[in-house]
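Source file: start.cif (mmCIF, C-alpha atoms)
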data_start
#
loop_
_atom_site.label_atom_id
_atom_site.label_comp_id
_atom_site.auth_asym_id
_atom_site.auth_seq_id
_atom_site.Cartn_x
_atom_site.Cartn_y
_atom_site.Cartn_z
CA LYS A 1 -24.65 37.08 15.77
CA ASN A 2 -24.73 38.03 12.15
CA PRO A 3 -23.75 34.98 9.98
CA ARG A 4 -22.33 37.25 7.27
CA PHE A 5 -19.32 38.11 9.43
CA ILE A 6 -16.44 35.64 9.57
CA ASN A 7 -14.95 34.83 12.92
CA THR A 8 -11.27 35.71 12.40
CA HIS A 9 -10.21 33.69 15.43
CA THR A 10 -11.25 30.46 13.66
CA PHE A 11 -9.03 31.16 10.66
CA LYS A 12 -5.98 32.61 12.40
CA MET A 13 -3.85 29.54 11.54
CA ALA A 14 -4.74 29.78 7.85
CA ASP A 15 -2.52 32.81 7.31
CA ALA A 16 -0.34 32.63 4.19
CA GLY A 17 2.87 32.88 6.21
CA SER A 18 1.96 30.22 8.77
CA ASP A 19 4.05 27.04 9.06
CA ASN A 20 1.06 25.22 10.53
CA PRO A 21 -1.98 26.04 8.38
CA ILE A 22 -5.34 24.59 9.30
CA TYR A 23 -5.28 22.33 6.23
CA GLY A 24 -1.87 20.77 7.07
CA PRO A 25 -3.26 17.56 8.61
CA PHE A 26 -5.30 16.95 5.45
CA PHE A 27 -2.14 15.92 3.63
CA GLY A 28 -1.18 13.55 6.44
CA VAL A 29 -4.62 11.96 6.37
CA MET A 30 -4.37 11.58 2.60
CA GLY A 31 -0.97 9.92 3.05
CA ALA A 32 -2.38 7.41 5.54
CA ALA A 33 -5.38 6.74 3.32
CA SER A 34 -3.22 6.38 0.19
CA ALA A 35 -0.92 3.93 1.93
CA ILE A 36 -3.66 1.48 2.84
CA ILE A 37 -5.95 2.04 -0.16
CA PHE A 38 -3.40 1.50 -2.91
CA SER A 39 -1.51 -1.31 -1.20
CA ALA A 40 -4.79 -3.10 -0.43
CA LEU A 41 -5.84 -2.68 -4.07
CA GLY A 42 -2.59 -4.31 -5.16
CA ALA A 43 -3.01 -7.12 -2.63
CA ALA A 44 -6.60 -7.70 -3.70
CA TYR A 45 -5.67 -7.86 -7.37
CA GLY A 46 -2.78 -10.23 -6.65
CA THR A 47 -5.01 -12.46 -4.55
CA ALA A 48 -7.84 -12.53 -7.09
CA LYS A 49 -5.62 -13.11 -10.11
CA SER A 50 -3.61 -15.84 -8.36
CA GLY A 51 -6.83 -17.35 -7.04
CA THR A 52 -8.21 -17.84 -10.53
CA GLY A 53 -5.01 -19.67 -11.47
CA ILE A 54 -5.32 -21.87 -8.39
CA ALA A 55 -8.94 -22.68 -9.21
CA ALA A 56 -8.06 -23.65 -12.78
CA MET A 57 -5.04 -25.69 -11.65
CA SER A 58 -6.89 -27.55 -8.88
CA VAL A 59 -9.12 -29.26 -11.44
CA MET A 60 -6.09 -30.93 -13.04
CA ARG A 61 -3.83 -31.41 -9.99
CA PRO A 62 -5.71 -31.09 -6.66
CA GLU A 63 -2.65 -32.33 -4.72
CA LEU A 64 -0.79 -29.09 -5.60
CA ILE A 65 -3.31 -26.71 -4.03
CA MET A 66 -1.28 -26.04 -0.87
CA LYS A 67 1.92 -25.33 -2.84
CA SER A 68 -0.09 -22.99 -5.05
CA ILE A 69 -1.22 -20.79 -2.15
CA ILE A 70 2.20 -19.06 -1.98
CA PRO A 71 1.31 -16.23 -4.44
CA VAL A 72 -1.83 -15.45 -2.43
CA VAL A 73 0.18 -15.22 0.81
CA MET A 74 2.77 -13.00 -0.85
CA ALA A 75 0.04 -10.72 -2.20
CA GLY A 76 -1.45 -10.41 1.29
CA ILE A 77 1.87 -9.26 2.71
CA ILE A 78 1.71 -6.21 0.41
CA ALA A 79 -1.35 -4.95 2.30
CA ILE A 80 0.55 -5.29 5.59
CA TYR A 81 3.22 -2.89 4.29
CA GLY A 82 0.53 -0.29 3.63
CA LEU A 83 -1.12 -0.93 6.97
CA VAL A 84 2.14 -0.36 8.86
CA VAL A 85 2.75 2.99 7.17
CA ALA A 86 -0.89 4.07 7.52
CA VAL A 87 -0.83 3.35 11.26
CA LEU A 88 2.48 5.20 11.68
CA ILE A 89 1.14 8.26 9.87
CA ALA A 90 -2.21 8.16 11.68
CA GLY A 91 -0.39 8.01 15.01
CA ALA A 92 1.62 11.12 14.13
CA LEU A 93 -1.41 13.22 13.18
CA ASP A 94 -2.08 16.12 15.49
CA GLU A 95 -4.20 19.24 15.68
CA PRO A 96 -3.40 21.85 13.01
CA SER A 97 -1.53 24.16 15.37
CA LYS A 98 1.00 21.39 16.10
CA TYR A 99 1.16 19.74 12.65
CA SER A 100 3.25 21.53 10.05
CA LEU A 101 2.56 21.62 6.34
CA TYR A 102 6.02 20.15 5.81
CA LYS A 103 5.12 17.14 7.94
CA GLY A 104 1.86 16.76 6.02
CA PHE A 105 3.68 16.70 2.69
CA ILE A 106 6.24 14.21 4.02
CA HIS A 107 3.47 11.92 5.25
CA LEU A 108 1.64 12.22 1.93
CA GLY A 109 4.83 11.25 0.10
CA ALA A 110 5.37 8.29 2.42
CA GLY A 111 1.83 7.05 1.89
CA LEU A 112 2.04 7.41 -1.86
CA ALA A 113 5.42 5.64 -1.96
CA VAL A 114 4.22 2.53 -0.17
CA GLY A 115 0.77 2.64 -1.76
CA PHE A 116 1.80 2.84 -5.40
CA SER A 117 4.70 0.42 -5.02
CA GLY A 118 2.28 -1.98 -3.31
CA LEU A 119 -0.16 -1.58 -6.18
CA ALA A 120 2.57 -2.38 -8.71
CA ALA A 121 3.84 -5.32 -6.66
CA GLY A 122 0.32 -6.71 -6.32
CA PHE A 123 -0.22 -6.53 -10.07
CA ALA A 124 3.08 -8.31 -10.69
CA ILE A 125 2.38 -11.00 -8.09
CA GLY A 126 -1.09 -11.62 -9.51
CA ILE A 127 0.07 -12.03 -13.08
CA VAL A 128 3.08 -14.18 -12.15
CA GLY A 129 1.05 -16.20 -9.66
CA ASP A 130 -1.69 -16.98 -12.17
CA ALA A 131 0.64 -18.04 -14.97
CA GLY A 132 3.11 -19.73 -12.61
CA VAL A 133 0.52 -21.86 -10.84
CA ARG A 134 -1.01 -23.00 -14.13
CA GLY A 135 2.44 -23.74 -15.55
CA THR A 136 3.55 -25.62 -12.44
CA ALA A 137 0.52 -27.90 -12.76
CA GLN A 138 1.79 -28.97 -16.19
CA GLN A 139 5.55 -28.89 -15.45
CA PRO A 140 6.53 -29.11 -11.74
CA ARG A 141 10.08 -27.88 -12.45
CA LEU A 142 8.64 -24.39 -13.04
CA PHE A 143 7.88 -24.04 -9.31
CA VAL A 144 11.32 -22.71 -8.27
CA GLY A 145 11.32 -20.20 -11.13
CA MET A 146 7.86 -19.01 -10.15
CA ILE A 147 8.97 -18.49 -6.54
CA LEU A 148 12.03 -16.48 -7.63
CA ILE A 149 9.94 -14.23 -9.85
CA LEU A 150 7.40 -13.78 -7.03
CA ILE A 151 10.23 -12.71 -4.71
CA PHE A 152 11.37 -10.09 -7.20
CA ALA A 153 7.79 -8.85 -7.49
CA GLU A 154 7.34 -8.76 -3.71
CA VAL A 155 10.52 -6.77 -3.17
CA LEU A 156 8.98 -3.88 -5.15
CA GLY A 157 6.53 -3.41 -2.30
CA LEU A 158 9.34 -3.73 0.22
CA TYR A 159 11.24 -0.93 -1.52
CA GLY A 160 8.19 1.29 -1.14
CA LEU A 161 7.97 0.41 2.55
CA ILE A 162 11.63 1.30 3.09
CA VAL A 163 11.23 4.67 1.35
CA ALA A 164 8.02 5.38 3.27
CA ILE A 165 9.61 4.66 6.64
CA TYR A 166 12.64 6.74 5.71
CA LEU A 167 10.37 9.66 4.76
CA TYR A 168 8.28 9.20 7.89
CA THR A 169 11.33 9.63 10.11
CA LYS A 170 12.19 13.04 8.56
#

Starting from the coordinates I provided, produce the structure as structure tokens.
Amino acid sequence: KNPRFINTHTFKMADAGSDNPIYGPFFGVMGAASAIIFSALGAAYGTAKSGTGIAAMSVMRPELIMKSIIPVVMAGIIAIYGLVVAVLIAGALDEPSKYSLYKGFIHLGAGLAVGFSGLAAGFAIGIVGDAGVRGTAQQPRLFVGMILILIFAEVLGLYGLIVAIYLYTK
């Protein structure tokens, strides 16, 4: 065989008019990767930022450590949202001849929706968790306010999950 000649059978699905081009699954894979990468980044930031607040607070009030773990738990839930969507998308991936470009774009959009909203929620949880835990150590009445703000931050990730699942079902 002469390597200068291209095997046209290999590239038959890459035609411009094809609904299922060979690169279609790439977008689905990027959606699955985006879902877990960005939501895990948000969860990691939220955990780390809240953890520094817990470490600083535990020096003054070690009896409040268990109450102060709540922001870390809420940050971890953000990664679960991304994991759910990534697993759904990965389960729907198929060979290029059976996976349309439309489905690839939908899965990319779903992954980006949950990933970026998880990143934003993780940032919000980390900042609120750090300041809230330190403030609660000095004034215990701040605890309820901190929890309410954390809930509003967490729901940002939940909104992304809802949009991602809605897109996934298209």

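The smallest atom-to-atom distance between Val133 in chain A and any of A:Pro62, A:Gly157, A:Pro71, A:Gly46, using all atoms listed in the file, is found for A:Pro71.
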
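Comparing the minimum interatomic distances between Thr169 in chain A and each of A:Ala113, A:Ser50, A:Val144, A:Ile89, counting all atoms listed in the file, we find that A:Ile89 sits nearest.
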
Checklist entry - In Å, how far is it from CA of Val163 in chain A to CA of Phe26 in chain A? => result 21.0 Å

Next on the checklist: Need to verify the contact set: range 99-107 of chain A, 9 Å, all atoms listed in the file, exclusion of same-chain residues closer than 3 positions in sequence. Can you return it as JSON, numbers by chain?
Outcome noted: {"A": [18, 19, 20, 21, 22, 23, 24, 25, 26, 27, 28, 29, 30, 31, 32, 89, 92, 93, 94, 95, 96, 110, 111, 112, 164, 167, 168, 170]}

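Note on the selection: in this file the PyMOL selection byres ((chain A and resi 36) around 7) comes out as Ala32, Ala33, Ser34, Ala35, Ile37, Phe38, Ser39, Ala40, Ala79, Gly82, Leu83, Ala86 and Gly115 of chain A.
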
Please write as a compact mmCIF listing (two decimals) with C-alpha atoms, in the frame of the given file the full residue list that the PyMOL selection byres ((chain A and resi 127) around 10) yields on this file.
# COMPACT_ATOMS: atom_id res chain seq x y z
CA TYR A 45 -5.67 -7.86 -7.37
CA GLY A 46 -2.78 -10.23 -6.65
CA THR A 47 -5.01 -12.46 -4.55
CA ALA A 48 -7.84 -12.53 -7.09
CA LYS A 49 -5.62 -13.11 -10.11
CA SER A 50 -3.61 -15.84 -8.36
CA GLY A 53 -5.01 -19.67 -11.47
CA PRO A 71 1.31 -16.23 -4.44
CA GLY A 122 0.32 -6.71 -6.32
CA PHE A 123 -0.22 -6.53 -10.07
CA ALA A 124 3.08 -8.31 -10.69
CA ILE A 125 2.38 -11.00 -8.09
CA GLY A 126 -1.09 -11.62 -9.51
CA VAL A 128 3.08 -14.18 -12.15
CA GLY A 129 1.05 -16.20 -9.66
CA ASP A 130 -1.69 -16.98 -12.17
CA ALA A 131 0.64 -18.04 -14.97
CA GLY A 132 3.11 -19.73 -12.61
CA LEU A 150 7.40 -13.78 -7.03

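Residues surrounding Arg61 in chain A within 10 Å are Ile54, Ala56, Arg134, Thr136, Ala137 and Gln138 of chain A [only C-alpha atoms; sequence separation below 5 positions excluded].
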
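Here CA of Gly135 in chain A and CA of Glu154 in chain A stand 19.7 Å from one another.
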
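What separates CA of Met146 in chain A from CA of Gly160 in chain A is a distance of 22.2 Å.
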
Work out where the centre of an axis-aligned box around every listed atom of range 61-80 of chain A lies and how long its edges are once 4 Å is added on each side; give both in Å to one decimal as JSON.
{"center_x": -1.5, "center_y": -18.6, "center_z": -2.2, "size_x": 16.5, "size_y": 35.4, "size_z": 23.6}

Next on the checklist: Using only C-alpha atoms, can you tell me which of A:Met57, A:Ala121, A:Gly42, A:Ile165 comes closest to Ile149 in chain A?
Outcome noted: A:Ala121

Next on the checklist: Would you pick out the contacts of Lys67 in chain A at 9 Å or less, using only C-alpha atoms, so that residues sharing its chain but fewer than 3 positions from it are not included, and give the list as number ranges by chain?
Outcome noted: A: 63-64, 70, 133, 143

C-alpha atoms of the current selection, written as an mmCIF file, in the coordinates of the input:
data_model
loop_
_atom_site.group_PDB
_atom_site.id
_atom_site.type_symbol
_atom_site.label_atom_id
_atom_site.label_comp_id
_atom_site.auth_asym_id
_atom_site.auth_seq_id
_atom_site.Cartn_x
_atom_site.Cartn_y
_atom_site.Cartn_z
ATOM 1 C CA GLU A 63 -2.650 -32.330 -4.720
ATOM 2 C CA LEU A 64 -0.790 -29.090 -5.600
ATOM 3 C CA ILE A 70 2.200 -19.060 -1.980
ATOM 4 C CA VAL A 133 0.520 -21.860 -10.840
ATOM 5 C CA PHE A 143 7.880 -24.040 -9.310
#
